[in-house]
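What follows is model.cif (mmCIF, C-alpha atoms).
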data_work
loop_
_atom_site.label_atom_id
_atom_site.label_comp_id
_atom_site.auth_asym_id
_atom_site.auth_seq_id
_atom_site.Cartn_x
_atom_site.Cartn_y
_atom_site.Cartn_z
CA MET V 1 -49.87 -147.07 94.37
CA ASP V 2 -46.40 -147.95 93.17
CA GLU V 3 -47.58 -147.77 89.60
CA GLU V 4 -48.96 -144.25 90.08
CA HIS V 5 -45.66 -143.09 91.50
CA ASN V 6 -43.75 -144.70 88.68
CA ASN V 7 -45.71 -142.79 85.93
CA PRO V 8 -43.75 -139.78 84.67
CA ILE V 9 -45.04 -136.36 85.55
CA ARG V 10 -45.98 -134.26 82.49
CA ILE V 11 -45.82 -130.50 82.74
CA VAL V 12 -47.81 -128.62 80.07
CA LYS V 13 -46.82 -125.01 79.46
CA LYS V 14 -49.28 -122.84 77.54
CA LYS V 15 -47.64 -120.08 75.59
CA SER V 16 -49.58 -116.85 75.76
CA ARG V 17 -50.10 -115.01 72.45
CA ASP V 18 -47.89 -112.03 71.85
CA HIS V 19 -49.93 -108.82 72.23
CA GLY V 20 -47.14 -106.62 70.91
CA GLY V 21 -49.09 -105.95 67.67
CA HIS V 22 -51.39 -103.64 69.54
CA HIS V 23 -48.49 -101.72 70.94
CA GLY V 24 -46.08 -101.75 67.96
CA GLY V 25 -45.37 -99.11 65.26
CA ALA V 26 -47.56 -100.27 62.36
CA TRP V 27 -50.31 -97.75 63.13
CA LYS V 28 -47.80 -94.93 63.02
CA VAL V 29 -47.08 -95.62 59.36
CA ALA V 30 -50.77 -95.43 58.49
CA TYR V 31 -51.16 -92.21 60.49
CA ALA V 32 -48.12 -90.68 58.80
CA ASP V 33 -49.64 -91.48 55.39
CA PHE V 34 -52.90 -89.84 56.45
CA VAL V 35 -51.15 -86.68 57.67
CA THR V 36 -49.09 -86.49 54.47
CA ALA V 37 -52.24 -86.79 52.35
CA MET V 38 -53.97 -84.05 54.35
CA MET V 39 -50.94 -81.76 54.00
CA ALA V 40 -50.90 -82.35 50.25
CA LEU V 41 -54.63 -81.58 50.11
CA PHE V 42 -54.21 -78.30 51.96
CA ILE V 43 -51.27 -77.30 49.73
CA VAL V 44 -53.37 -77.96 46.62
CA LEU V 45 -56.25 -75.93 48.07
CA TRP V 46 -53.87 -73.09 48.90
CA ILE V 47 -52.42 -73.09 45.37
CA LEU V 48 -55.90 -73.01 43.84
CA GLY V 49 -56.61 -69.82 45.72
CA GLN V 50 -53.51 -68.01 44.48
CA SER V 51 -53.14 -65.71 41.49
CA THR V 52 -52.14 -66.91 38.05
CA ASP V 53 -48.61 -65.54 38.47
CA ILE V 54 -48.08 -67.55 41.67
CA LYS V 55 -49.41 -70.71 40.04
CA GLU V 56 -47.07 -70.28 37.08
CA ALA V 57 -44.12 -69.70 39.39
CA ILE V 58 -44.86 -72.88 41.39
CA ALA V 59 -45.28 -74.90 38.20
CA ALA V 60 -41.98 -73.54 36.89
CA TYR V 61 -40.21 -74.55 40.10
CA PHE V 62 -41.35 -78.16 39.89
CA LYS V 63 -40.40 -78.32 36.21
CA ASP V 64 -36.89 -76.98 36.78
CA PRO V 65 -35.94 -76.40 40.44
CA GLY V 66 -32.36 -75.56 39.45
CA ALA V 67 -33.52 -72.41 37.71
CA PHE V 68 -34.43 -70.90 41.08
CA THR V 69 -30.99 -71.36 42.63
CA SER V 70 -27.51 -70.15 41.81
CA THR V 71 -24.23 -72.05 41.88
CA SER V 72 -22.61 -69.60 44.27
CA SER V 73 -22.41 -70.61 47.91
CA GLY V 74 -23.77 -68.60 50.76
CA GLY V 75 -26.70 -70.58 52.08
CA VAL V 76 -27.33 -71.65 55.64
CA LEU V 77 -24.99 -74.66 55.41
CA GLN V 78 -21.37 -74.33 54.39
CA GLY V 79 -21.11 -74.79 50.64
CA SER V 80 -24.85 -75.01 50.10
CA PRO V 81 -26.29 -73.06 47.17
CA LYS V 82 -27.81 -69.71 47.92
CA PRO V 83 -31.48 -69.56 46.95
CA LEU V 84 -32.63 -66.81 44.68
CA LEU V 85 -35.54 -64.65 45.66
CA PHE V 86 -38.33 -65.01 43.15
CA THR V 87 -40.32 -61.92 42.31
CA PRO V 88 -43.64 -62.55 40.58
CA PRO V 89 -43.88 -60.71 37.26
CA VAL V 90 -45.66 -57.39 37.45
CA ALA V 91 -48.51 -57.06 34.99
CA SER V 92 -47.81 -54.28 32.52
CA PRO V 93 -50.42 -51.53 32.35
CA PRO V 94 -52.91 -51.88 29.50
CA ALA V 95 -51.92 -50.17 26.30
CA PRO V 96 -53.81 -46.92 25.70
CA ASP V 97 -56.63 -47.04 23.19
CA LYS V 98 -55.05 -45.47 20.10
CA HIS V 99 -58.40 -44.96 18.41
CA ALA V 100 -59.75 -43.07 21.42
CA SER V 101 -56.63 -40.91 21.68
CA ASP V 102 -56.84 -40.08 17.96
CA LEU V 103 -60.45 -39.01 18.37
CA GLU V 104 -59.49 -36.73 21.26
CA ARG V 105 -56.81 -35.15 19.08
CA LEU V 106 -59.33 -34.69 16.27
CA LYS V 107 -61.76 -33.04 18.71
CA ALA V 108 -59.11 -30.46 19.52
CA GLU V 109 -58.49 -29.94 15.81
CA ALA V 110 -62.21 -29.55 15.16
CA LYS V 111 -62.45 -26.85 17.80
CA SER V 112 -59.48 -25.05 16.27
CA ILE V 113 -61.05 -25.13 12.79
CA GLN V 114 -64.36 -23.83 14.11
CA GLU V 115 -62.66 -20.95 15.91
CA LYS V 116 -60.61 -20.04 12.84
CA ILE V 117 -63.68 -19.99 10.58
CA ALA V 118 -65.61 -17.89 13.11
CA SER V 119 -62.76 -15.36 13.20
CA VAL V 120 -63.13 -14.53 9.49
CA PRO V 121 -65.97 -12.01 8.95
CA ASP V 122 -66.47 -13.02 5.30
CA PHE V 123 -67.37 -16.52 6.44
CA SER V 124 -70.27 -15.36 8.63
CA LYS V 125 -72.79 -16.43 5.98
CA PHE V 126 -71.44 -19.98 6.24
CA LYS V 127 -72.06 -20.09 10.00
CA GLU V 128 -75.17 -22.27 9.89
CA LYS V 129 -74.04 -24.33 6.91
CA ILE V 130 -70.64 -25.58 8.03
CA GLU V 131 -70.81 -28.48 10.43
CA VAL V 132 -67.64 -29.67 12.14
CA MET V 133 -68.15 -32.79 14.24
CA VAL V 134 -66.20 -35.76 15.58
CA THR V 135 -67.83 -39.18 15.59
CA SER V 136 -66.52 -42.72 15.88
CA GLU V 137 -65.53 -42.61 12.20
CA GLY V 138 -63.40 -39.47 12.62
CA LEU V 139 -63.55 -35.72 12.04
CA ARG V 140 -66.25 -34.77 9.54
CA ILE V 141 -66.66 -31.33 7.97
CA ASP V 142 -69.94 -30.89 6.09
CA LEU V 143 -70.59 -28.02 3.68
CA VAL V 144 -74.38 -27.92 3.42
CA GLU V 145 -75.97 -26.13 0.46
CA VAL V 146 -78.94 -23.75 0.39
CA SER V 147 -81.46 -22.96 -2.34
CA GLU V 148 -79.42 -20.26 -4.06
CA GLY V 149 -76.22 -22.27 -4.06
CA LEU V 150 -73.87 -21.28 -1.26
CA PHE V 151 -70.71 -23.22 -2.13
CA PHE V 152 -71.32 -24.25 -5.76
CA ASP V 153 -73.07 -22.77 -8.71
CA ILE V 154 -76.50 -24.38 -8.97
CA GLY V 155 -76.39 -27.57 -10.99
CA LYS V 156 -72.63 -27.32 -11.53
CA ALA V 157 -69.45 -28.55 -9.87
CA LYS V 158 -67.71 -25.16 -9.92
CA LEU V 159 -66.82 -23.82 -6.47
CA LYS V 160 -67.60 -20.22 -5.67
CA PRO V 161 -64.66 -17.95 -4.68
CA GLU V 162 -65.74 -17.79 -1.00
CA ALA V 163 -65.95 -21.59 -0.89
CA VAL V 164 -62.43 -21.84 -2.32
CA ARG V 165 -61.13 -19.56 0.41
CA LEU V 166 -62.92 -21.64 3.02
CA LEU V 167 -61.42 -24.89 1.72
CA LYS V 168 -57.96 -23.33 1.70
CA LEU V 169 -58.37 -22.45 5.36
CA VAL V 170 -59.50 -25.99 6.15
CA ALA V 171 -56.58 -27.41 4.16
CA SER V 172 -54.08 -25.37 6.19
CA HIS V 173 -55.21 -27.28 9.29
CA LEU V 174 -55.57 -30.73 7.74
CA ALA V 175 -52.16 -30.59 6.05
CA ALA V 176 -50.48 -30.74 9.46
CA LEU V 177 -52.23 -34.03 10.30
CA PRO V 178 -50.96 -37.50 9.35
CA ASN V 179 -54.51 -38.80 8.93
CA LYS V 180 -55.98 -39.99 5.67
CA ILE V 181 -58.88 -38.03 4.18
CA VAL V 182 -61.99 -38.94 2.17
CA VAL V 183 -64.01 -36.36 0.22
CA GLU V 184 -67.66 -37.18 -0.41
CA GLY V 185 -70.34 -35.56 -2.56
CA TYR V 186 -74.12 -35.77 -2.14
CA THR V 187 -77.16 -34.38 -3.97
CA ASP V 188 -80.87 -34.13 -3.32
CA ALA V 189 -83.42 -36.30 -5.10
CA ARG V 190 -84.22 -33.88 -7.95
CA PRO V 191 -83.53 -35.65 -11.24
CA TYR V 192 -80.87 -34.10 -13.42
CA VAL V 193 -82.56 -33.38 -16.75
CA SER V 194 -79.43 -32.79 -18.82
CA SER V 195 -78.82 -35.68 -21.20
CA GLY V 196 -75.75 -37.76 -20.37
CA TYR V 197 -75.28 -36.18 -16.92
CA SER V 198 -76.85 -37.33 -13.64
CA ASN V 199 -76.78 -36.77 -9.91
CA TRP V 200 -74.05 -39.43 -9.76
CA ASP V 201 -71.84 -37.31 -12.01
CA LEU V 202 -72.64 -34.12 -10.12
CA SER V 203 -71.90 -35.60 -6.67
CA VAL V 204 -68.57 -37.03 -7.83
CA ASP V 205 -67.56 -33.87 -9.69
CA ARG V 206 -68.29 -31.65 -6.70
CA ALA V 207 -66.31 -33.89 -4.38
CA ASN V 208 -63.47 -33.92 -6.90
CA SER V 209 -63.51 -30.12 -7.16
CA ALA V 210 -63.14 -29.88 -3.40
CA ARG V 211 -60.30 -32.41 -3.53
CA GLY V 212 -58.47 -30.31 -6.09
CA VAL V 213 -58.61 -27.18 -3.93
CA LEU V 214 -57.49 -29.09 -0.83
CA GLU V 215 -54.48 -30.58 -2.58
CA GLN V 216 -53.54 -27.25 -4.17
CA SER V 217 -53.70 -25.68 -0.71
CA GLY V 218 -51.16 -27.90 1.01
CA LEU V 219 -52.49 -31.44 1.38
CA ALA V 220 -50.07 -34.17 0.33
CA LYS V 221 -50.96 -36.09 -2.82
CA ASP V 222 -51.32 -39.34 -0.90
CA GLN V 223 -53.24 -37.82 2.02
CA ILE V 224 -56.59 -37.97 0.24
CA ARG V 225 -57.45 -41.65 0.08
CA GLU V 226 -60.77 -41.57 -1.76
CA VAL V 227 -63.25 -39.36 -3.58
CA ARG V 228 -66.81 -40.64 -3.30
CA GLY V 229 -70.06 -39.67 -4.96
CA PHE V 230 -73.34 -40.89 -3.49
CA ALA V 231 -75.85 -38.92 -5.59
CA ASP V 232 -79.16 -39.06 -3.67
CA ARG V 233 -78.53 -42.50 -2.12
CA LYS V 234 -77.56 -41.14 1.30
CA LEU V 235 -79.96 -38.30 1.92
CA ARG V 236 -79.31 -36.07 4.87
CA LEU V 237 -83.05 -35.74 5.35
CA PRO V 238 -84.64 -39.00 4.15
CA ASP V 239 -88.15 -37.73 4.89
CA ARG V 240 -87.50 -34.58 2.79
CA PRO V 241 -85.64 -35.86 -0.27
CA LEU V 242 -85.98 -32.59 -2.22
CA ASP V 243 -84.65 -30.38 0.55
CA TYR V 244 -81.60 -28.34 -0.42
CA ALA V 245 -79.78 -29.49 2.72
CA ASN V 246 -79.34 -32.89 1.08
CA ARG V 247 -76.82 -31.25 -1.26
CA ARG V 248 -73.49 -31.22 0.46
CA VAL V 249 -69.80 -31.97 0.30
CA SER V 250 -68.27 -33.81 3.24
CA ILE V 251 -64.60 -33.99 4.23
CA LEU V 252 -63.86 -36.97 6.46
CA VAL V 253 -60.60 -37.17 8.41
CA ALA V 254 -60.17 -40.78 9.50
CA PRO V 255 -58.59 -41.49 12.90
CA GLY V 256 -55.14 -43.09 13.01
CA GLY V 257 -54.17 -45.37 10.15
CA SER V 258 -57.69 -46.42 9.23
CA ALA V 259 -57.07 -44.94 5.80
CA GLY V 260 -60.52 -43.47 5.54
CA LEU V 261 -62.18 -46.75 4.70
CA VAL V 262 -65.04 -46.18 7.12
CA MET V 263 -68.44 -45.53 5.64
CA ARG V 264 -71.38 -43.80 7.26
CA ASP V 265 -74.70 -45.62 6.91
CA THR V 266 -76.86 -42.87 8.33
CA PRO V 267 -76.37 -39.18 7.46
CA SER V 268 -75.81 -36.69 10.23
CA ALA V 269 -78.68 -34.67 11.58
CA PRO V 270 -78.91 -30.98 10.70
CA SER V 271 -77.80 -28.43 13.24
CA GLY V 272 -79.53 -25.32 11.96
CA PRO V 273 -82.76 -24.21 10.28
CA LEU V 274 -83.30 -25.61 6.82
CA ALA V 275 -85.01 -24.18 3.79
CA PRO V 276 -88.48 -25.67 3.33
CA SER V 277 -88.99 -28.05 0.49
CA GLY V 278 -91.99 -28.65 -1.62
CA GLY V 279 -93.06 -29.58 -5.10
CA LEU V 280 -89.94 -28.31 -6.84
CA PRO V 281 -89.18 -28.74 -10.54
CA PRO V 282 -86.29 -30.92 -11.73
CA ARG V 283 -82.79 -29.46 -11.55
CA LYS V 284 -81.68 -27.85 -14.79
CA GLN V 285 -78.06 -27.34 -15.68
CA GLY V 286 -76.90 -23.77 -15.36
CA LYS V 287 -79.69 -22.64 -13.08
#
Can you present the structure in this file as structure tokens?
Amino acid sequence: MDEEHNNPIRIVKKKSRDHGGHHGGAWKVAYADFVTAMMALFIVLWILGQSTDIKEAIAAYFKDPGAFTSTSSGGVLQGSPKPLLFTPPVASPPAPDKHASDLERLKAEAKSIQEKIASVPDFSKFKEKIEVMVTSEGLRIDLVEVSEGLFFDIGKAKLKPEAVRLLKLVASHLAALPNKIVVEGYTDARPYVSSGYSNWDLSVDRANSARGVLEQSGLAKDQIREVRGFADRKLRLPDRPLDYANRRVSILVAPGGSAGLVMRDTPSAPSGPLAPSGGLPPRKQGK
């Protein structure tokens, strides 16, 4: 018994584990990161839904934030810079279509020419044989021949007096325009029997005769850009190659500064009755 009382008494203290980790602030850091990531995601989604101007403005701010502020004070805090209000650039209205506006101007000019021709009694016989039209290539004035030769002597490039007067009237209108002009000549498919002279020569010579009258009547020397002769290669009536309506002189007023370099692949359709064609003899010079 004495020995048991003499043994020292040992007191064992068990330390409980600290549970403060469950109640500390580590989880708040993770949550803050999550919220920040979500905010960034929503900002990106919002930017993606904005217009191009807004996107460019935001990109410009992050590239150079100082460009959006001034050095003068006047902000909320004393001495703080005053922010500048940014106004997104306003898109400028689309430029008007110059080609379309030129065509509208040529339409008005075409109507004026038609009215002026109709007001001259001596030109009544030309009524069905003068075609004034505006297409995508410009203002075109066609002088369409008939069997007896309405504008030119048959087989020759000499203009008749009434045709000269008509071209002078046309020139008085075209001289006031800045547009370039092309004069074209065409023939039918009758072979030219005169030695050393062909439909190529005749089509060019007739177009050149018309050019001479136009320039003598007021057109500037540099206003006529080209004189073209197509012979029978661009028939007005491909299914009736011998028809007299295939003989014609065409004055093309090109829109704007296109300089008359446009070329028509398909001839225009006739607007009036045409003389019937048939088995006709070859064209002879002077007839």
Task: Pairwise distance for CA of Val132 in chain V and CA of Leu252 in chain V, rounded to one decimal in Å - done: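 Computing it gives 10.0 Å between the two atoms.
When CA of Leu237 in chain V is paired with CA of Ala254 in chain V, their separation reads 23.8 Å.
In this structure, CA of Ala37 in chain V sits 20.4 Å away from CA of Gln50 in chain V.
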TODO: Decode the PyMOL selection byres ((chain V and resi 158-169) around 8) for the given file into explicit residues and return them as number ranges by chain.
DONE: V: 117, 122-123, 150-153, 156-157, 170-173, 206, 209-210, 213-214, 217
Open item on the list: Which residues, named as in the file, does the PyMOL selection byres ((chain V and resi 96-107) around 8) pick out? Answer as a VMD selection string.
Closed with: chain V and resid 94 to 95 108 to 111 133 to 136 138 to 139 255 to 256
Apply the PyMOL selection byres ((chain V and resi 248) around 6) to the file shown and report the selected residues as an mmCIF file with C-alpha atoms, in the frame of the given file.
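Once everything was written out, this is part-v6.cif:
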data_model
loop_
_atom_site.group_PDB
_atom_site.id
_atom_site.type_symbol
_atom_site.label_atom_id
_atom_site.label_comp_id
_atom_site.auth_asym_id
_atom_site.auth_seq_id
_atom_site.Cartn_x
_atom_site.Cartn_y
_atom_site.Cartn_z
ATOM 1 C CA LEU V 143 -70.590 -28.020 3.680
ATOM 2 C CA VAL V 144 -74.380 -27.920 3.420
ATOM 3 C CA GLU V 145 -75.970 -26.130 0.460
ATOM 4 C CA TYR V 186 -74.120 -35.770 -2.140
ATOM 5 C CA ARG V 247 -76.820 -31.250 -1.260
ATOM 6 C CA VAL V 249 -69.800 -31.970 0.300
#
- [ ] Could you give me, as a VMD selection string, the residues that have an atom at most 12 Å away from the point (-72.9, -42.2, -6.1) in the coordinates of the file, using all atoms listed in the file?
- [x] chain V and resid 184 to 188 198 to 207 227 to 235
